[in-house]
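The structure under discussion appears below in the form of structure tokens.
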Amino acid sequence: MIDKQVDSLITAVSDIFDGATVMIGGFGEAGSPIELIHALIDLGAKNLTVVNNNTGSGHVGLAALIENGQVAKMICSYPRTVGSMVFPELYQSGKIELELVPQGTLAERIRSGGAGIPAFYTATSVGTPLAEGKEQRHFDGHDYVMEYGLKADFALIKCKQADRYGNLIYNKTARNFAPIMAMAANTTIVQAESLVKAGEIDAENVVTPGIFVDRIVTITNPAQESKLIAEGRVYP
Amino acid sequence: MAKRAALDIPNGSYVNLGIGIPEKVAQYVPEGREVIYHTENGLLGMGSVPASGDEDPELINAGKKAVTAIPGAAFFHHADSFSMIRGQHLDICVLGAMQVSEQGDLANWSTGEPDAIPAVGGAMDLVAGVKTIYVITQHCTKGGVSKLVESCTYPLTGKKVVNRIYTDLAVIDVTPAGFQIVELAPSVYFEYVQQRTAGQLLPEK
């Protein structure tokens with residue numbers, strides 16, 4: 001019988017190795033898998049390349065992972081969110097690398113990585129500093145920049161509901177990068193607010209089909225980043 | 001400026017509003033027009049700001065502020081959201097600017113200072129993909145320097161992308177001949193605007 005449930009957070013993340021590339025879902029706090037990130041902090045894997053739209057806020061979740069010295073490089077579109085001070089400080093002192101990618105290019109690179117497409121051309125960033133040094137081509141009278149598909153060793157994502165096959169549905173704008181990261185990672189680890197019987201999620205409504213998912217941990221009441229920050233929480 | 005830009009949003013348009021003053025455009029769209037708002041983090045059919053206490057941290061806009069979804073709204077992942085943008089499905093995007101050039105080049109994401117932390121978000125995707133790009137900006141910086149320029153000195157967001165500019169002094173189209181005044185703000189004269197514009201400015205037709 002296929003059953004992708006695992007019984008603890010630490011078991012779920014236990015094989016994340018030093019130097020791994022880890023995609024982490026979320027747009028700001030919406031969709032951020034805080035419990036899985038904290039488990040990765042407990043595990044202590046270092047020298048990670050992390051893909052996320054932002055760089056976290058306060059001293060919990062992604063910001064705490066960075067603050068704990070586990071991240072060598074961030075691939076993101078917007079590292080300067082309100083309340084994000086950990087990344088800016090490390091970046092300015094040269095202690096963390098940044099690959100800045102336009103948000104849509106980031107999404108398409110992840111989607112392509114998951115779809116077996118090694119590279120593609122886009123009009124985004126043509127004529128800007130972010131196109132410098134990249135291959136360009138002309139199609140139908142317009143210039144395009146070549147961008148590479150992006151894959152990862154692991155993805156950490158959050159969803160609202162899962163079944164044992166790994167079929168997932170999400171909650172509103174917390175969906176953001178999760179479905180495409182699930183496709184682009186070798187091992188996709190999910191924290192689900194609830195686990196339901198196979199068939200309870202209508203097949204017409206499945207957002208992420210189970211083939212893209214490897215492990216599921218049920219976290220019934222996930223922490224809210226902004227609430228933790230308001231309470232002055234620091235992890236670990 | 002937001003009020004004036006709102007008049008140019010036609011009934012039935014799909015629109016993306018940038019963070020800040022562009023967001024205000026939604027409240028001034030004339031009654032009787034139905035406009036669908038897209039927010040690039042994954043919602044088509046964004047509604048107004050929720051009442052205090054009704055905020056949902058998982059229902060936010062691109063500026064990470066709490067919003068609502070209208071009946072008939074749709075949620076989707078980032079690759080779909082940016083396919084709407086990059087695949088030229090959105091009609092209008094309204095953005096802020098640091099500089100706009102005579103050719104329609106836009107700079108709005110970085111001053112290019114060496115110690116600045118670069119952050120681009122979806123701006124480059126929006127200007128490259130949305131059919132019509134409107135810019136809302138003060139005509140000059142706080143120091144009195146024109147934001148409308150012959151060519152941008154800040155790093156570009158996109159080349160030849162801006163269609164129309166709404167400033168505190170005028171509505172201006174970007175044309176092959178230069179900045180074309182469409183309309184002057186009440187009690188503002190052409191010469192006054194020209195003195196404050198660092199590019200070729202053509203009078204109202």
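Labels used: A, B, ... for chains in the order of the structure tokens, numbers from 1 for residues in each chain, and numbers from 1 for ligands as shown.
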
Margin query: When you look at Ala20 of chain A with a cut-off of 7 Å (counting only C-alpha atoms), what residues show up, excluding the ones that are within fewer than 3 positions of it in the same chain? I need them as a list in words.
Written below: Ile16, Phe17, Leu48, Thr49 and Asp153 of chain A

Based on the selection just made, write C-alpha atoms of those residues as a short mmCIF file (atom, residue, chain, number, x, y, z; two decimals), in the first residue's frame.
```
data_model
loop_
_atom_site.label_atom_id
_atom_site.label_comp_id
_atom_site.auth_asym_id
_atom_site.auth_seq_id
_atom_site.Cartn_x
_atom_site.Cartn_y
_atom_site.Cartn_z
CA ILE A 16 18.57 16.67 3.84
CA PHE A 17 22.32 16.77 3.40
CA LEU A 48 22.37 24.93 1.67
CA THR A 49 21.18 26.72 -1.45
CA ASP A 153 17.16 18.05 -4.07
#
```

Using only C-alpha atoms and a cut-off of 6 Å, which residues of chain A sit close to chain B? Please list them as a PDB file with N, CA, C and O atoms, in the first residue's frame.
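Generated output (iface.pdb):
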```
ATOM      1  N   ALA A  30       2.596  33.689   3.792  1.00  0.00           N
ATOM      2  CA  ALA A  30       1.535  32.864   3.219  1.00  0.00           C
ATOM      3  C   ALA A  30       2.123  31.614   2.581  1.00  0.00           C
ATOM      4  O   ALA A  30       2.869  31.692   1.612  1.00  0.00           O
ATOM      5  N   SER A  77      13.554  36.545  -5.543  1.00  0.00           N
ATOM      6  CA  SER A  77      13.234  37.734  -6.337  1.00  0.00           C
ATOM      7  C   SER A  77      13.193  38.995  -5.487  1.00  0.00           C
ATOM      8  O   SER A  77      13.393  40.091  -5.986  1.00  0.00           O
ATOM      9  N   TYR A  78      12.899  38.835  -4.198  1.00  0.00           N
ATOM     10  CA  TYR A  78      12.696  40.025  -3.376  1.00  0.00           C
ATOM     11  C   TYR A  78      13.205  39.804  -1.960  1.00  0.00           C
ATOM     12  O   TYR A  78      12.461  39.453  -1.055  1.00  0.00           O
ATOM     13  N   PRO A  79      14.526  40.019  -1.757  1.00  0.00           N
ATOM     14  CA  PRO A  79      15.107  39.722  -0.451  1.00  0.00           C
ATOM     15  C   PRO A  79      14.889  40.791   0.621  1.00  0.00           C
ATOM     16  O   PRO A  79      15.371  40.640   1.732  1.00  0.00           O
ATOM     17  N   PRO A 102      14.011  37.680 -11.514  1.00  0.00           N
ATOM     18  CA  PRO A 102      12.654  38.242 -11.572  1.00  0.00           C
ATOM     19  C   PRO A 102      11.635  37.167 -11.172  1.00  0.00           C
ATOM     20  O   PRO A 102      11.803  35.982 -11.498  1.00  0.00           O
ATOM     21  N   GLN A 103      10.585  37.607 -10.487  1.00  0.00           N
ATOM     22  CA  GLN A 103       9.636  36.658  -9.880  1.00  0.00           C
ATOM     23  C   GLN A 103       9.030  35.668 -10.888  1.00  0.00           C
ATOM     24  O   GLN A 103       8.907  34.486 -10.599  1.00  0.00           O
ATOM     25  N   GLY A 104       8.646  36.177 -12.052  1.00  0.00           N
ATOM     26  CA  GLY A 104       8.041  35.300 -13.054  1.00  0.00           C
ATOM     27  C   GLY A 104       9.064  34.361 -13.663  1.00  0.00           C
ATOM     28  O   GLY A 104       8.762  33.202 -13.973  1.00  0.00           O
ATOM     29  N   ALA A 107       9.532  31.619 -11.148  1.00  0.00           N
ATOM     30  CA  ALA A 107       8.432  30.647 -11.209  1.00  0.00           C
ATOM     31  C   ALA A 107       8.589  29.747 -12.444  1.00  0.00           C
ATOM     32  O   ALA A 107       8.443  28.528 -12.362  1.00  0.00           O
ATOM     33  N   GLU A 108       8.908  30.346 -13.583  1.00  0.00           N
ATOM     34  CA  GLU A 108       9.022  29.581 -14.824  1.00  0.00           C
ATOM     35  C   GLU A 108      10.250  28.665 -14.794  1.00  0.00           C
ATOM     36  O   GLU A 108      10.213  27.561 -15.331  1.00  0.00           O
ATOM     37  N   ALA A 123      11.014  37.316 -22.505  1.00  0.00           N
ATOM     38  CA  ALA A 123      11.229  38.752 -22.741  1.00  0.00           C
ATOM     39  C   ALA A 123      11.578  39.478 -21.441  1.00  0.00           C
ATOM     40  O   ALA A 123      12.135  40.572 -21.457  1.00  0.00           O
ATOM     41  N   THR A 124      11.260  38.843 -20.312  1.00  0.00           N
ATOM     42  CA  THR A 124      11.524  39.482 -19.022  1.00  0.00           C
ATOM     43  C   THR A 124      13.018  39.717 -18.830  1.00  0.00           C
ATOM     44  O   THR A 124      13.804  38.789 -19.030  1.00  0.00           O
ATOM     45  N   SER A 125      13.372  40.930 -18.445  1.00  0.00           N
ATOM     46  CA  SER A 125      14.733  41.386 -18.108  1.00  0.00           C
ATOM     47  C   SER A 125      15.563  41.794 -19.319  1.00  0.00           C
ATOM     48  O   SER A 125      16.694  42.244 -19.159  1.00  0.00           O
ATOM     49  N   GLY A 127      17.368  43.978 -21.786  1.00  0.00           N
ATOM     50  CA  GLY A 127      17.813  45.376 -21.686  1.00  0.00           C
ATOM     51  C   GLY A 127      18.086  45.845 -20.267  1.00  0.00           C
ATOM     52  O   GLY A 127      18.319  47.018 -20.034  1.00  0.00           O
ATOM     53  N   THR A 128      18.038  44.934 -19.304  1.00  0.00           N
ATOM     54  CA  THR A 128      18.287  45.313 -17.905  1.00  0.00           C
ATOM     55  C   THR A 128      19.562  44.639 -17.401  1.00  0.00           C
ATOM     56  O   THR A 128      20.066  43.707 -18.037  1.00  0.00           O
ATOM     57  N   LYS A 172      -6.075  29.312  -0.427  1.00  0.00           N
ATOM     58  CA  LYS A 172      -6.040  30.668  -1.003  1.00  0.00           C
ATOM     59  C   LYS A 172      -4.652  31.015  -1.590  1.00  0.00           C
ATOM     60  O   LYS A 172      -4.090  30.212  -2.321  1.00  0.00           O
ATOM     61  N   THR A 173      -4.149  32.219  -1.225  1.00  0.00           N
ATOM     62  CA  THR A 173      -2.866  32.634  -1.824  1.00  0.00           C
ATOM     63  C   THR A 173      -1.652  31.985  -1.144  1.00  0.00           C
ATOM     64  O   THR A 173      -0.513  32.334  -1.447  1.00  0.00           O
ATOM     65  N   ALA A 174      -1.904  31.037  -0.239  1.00  0.00           N
ATOM     66  CA  ALA A 174      -0.790  30.267   0.339  1.00  0.00           C
ATOM     67  C   ALA A 174      -0.288  29.219  -0.660  1.00  0.00           C
ATOM     68  O   ALA A 174       0.737  28.596  -0.454  1.00  0.00           O
ATOM     69  N   ARG A 175      -1.004  29.042  -1.756  1.00  0.00           N
ATOM     70  CA  ARG A 175      -0.601  28.063  -2.774  1.00  0.00           C
ATOM     71  C   ARG A 175       0.729  28.480  -3.428  1.00  0.00           C
ATOM     72  O   ARG A 175       1.627  27.662  -3.586  1.00  0.00           O
ATOM     73  N   ASN A 176       0.794  29.714  -3.833  1.00  0.00           N
ATOM     74  CA  ASN A 176       1.905  30.356  -4.558  1.00  0.00           C
ATOM     75  C   ASN A 176       2.922  29.410  -5.238  1.00  0.00           C
ATOM     76  O   ASN A 176       2.657  28.905  -6.310  1.00  0.00           O
ATOM     77  N   PHE A 177       4.084  29.182  -4.634  1.00  0.00           N
ATOM     78  CA  PHE A 177       5.123  28.399  -5.323  1.00  0.00           C
ATOM     79  C   PHE A 177       5.022  26.888  -5.085  1.00  0.00           C
ATOM     80  O   PHE A 177       5.768  26.113  -5.693  1.00  0.00           O
TER      81      PHE A 177
END
```

Note to self: Quick check for you: according to DSSP on this backbone, which residues of chain A are classed as strand (DSSP E or B)? Reply as a ChimeraX atom specification.
What the structure shows: /A:5,21-24,27,30,48-51,59,71-76,97-100,119-122,136-139,142-148,152-162,168-169,185-195,208,215-218,234

Margin query: Can you pull out the residues contacting segment 213-216 of chain A? Cut-off 9 Å, using only C-alpha atoms, and skip same-chain residues under 6 positions away; I want them as a PyMOL selection string.
Written below: chain A and resi 3-7+12+162-168+182-183+186-192+195

Item checked: Straight-line distance linking atom CA of Gly199 of chain A with atom CA of Gly26 of chain A, stated in Å to one decimal ->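 If I compute the distance from atom CA of Gly199 of chain A to atom CA of Gly26 of chain A, I get 26.8 Å.
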
Next item on the list: Can you list, as a list in words, all residues belonging to segment 169-221 of chain A that DSSP tags as alpha helix (DSSP H)?
Entry: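 The alpha helix (DSSP H) subset of segment 169-221 of chain A is Ala178, Pro179, Ile180, Met181, Ala182, Met183 and Ala184 of chain A.
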
Next item on the list: Take atom CA of Val207 of chain A and atom CA of Ile169 of chain A and report the distance between them in Å, one decimal.
Entry: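 Between these atoms lies a distance of 5.3 Å.
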
Check: Of the residues B:Val100, B:Ile172, B:Leu184, B:Met84, which is the one nearest to Ser146 of chain B, using only C-alpha atoms?
Finding: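 Comparing B:Val100, B:Ile172, B:Leu184, B:Met84 against Ser146 of chain B, the winner is B:Val100.
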
Next item on the list: For Val101 of chain A, please output as a list of chain:residue names all residues within 7 Å (counting only C-alpha atoms; exclusion window: fewer than 4 positions along the same chain).
Entry: A:Cys76, A:Ser77, A:Thr105, A:Leu106

Print the selection's residues with N, CA, C and O atoms to a file, as a PDB file, in the first residue's frame.
```pdb
ATOM      1  N   CYS A  76      16.315  34.152  -5.079  1.00  0.00           N
ATOM      2  CA  CYS A  76      15.020  34.758  -4.776  1.00  0.00           C
ATOM      3  C   CYS A  76      14.784  36.004  -5.624  1.00  0.00           C
ATOM      4  O   CYS A  76      15.676  36.459  -6.338  1.00  0.00           O
ATOM      5  N   SER A  77      13.554  36.545  -5.543  1.00  0.00           N
ATOM      6  CA  SER A  77      13.234  37.734  -6.337  1.00  0.00           C
ATOM      7  C   SER A  77      13.193  38.995  -5.487  1.00  0.00           C
ATOM      8  O   SER A  77      13.393  40.091  -5.986  1.00  0.00           O
ATOM      9  N   THR A 105      10.279  34.854 -13.831  1.00  0.00           N
ATOM     10  CA  THR A 105      11.359  33.995 -14.334  1.00  0.00           C
ATOM     11  C   THR A 105      11.662  32.913 -13.308  1.00  0.00           C
ATOM     12  O   THR A 105      11.880  31.752 -13.658  1.00  0.00           O
ATOM     13  N   LEU A 106      11.637  33.282 -12.029  1.00  0.00           N
ATOM     14  CA  LEU A 106      11.861  32.303 -10.967  1.00  0.00           C
ATOM     15  C   LEU A 106      10.795  31.206 -11.039  1.00  0.00           C
ATOM     16  O   LEU A 106      11.113  30.012 -11.017  1.00  0.00           O
TER      17      LEU A 106
END
```
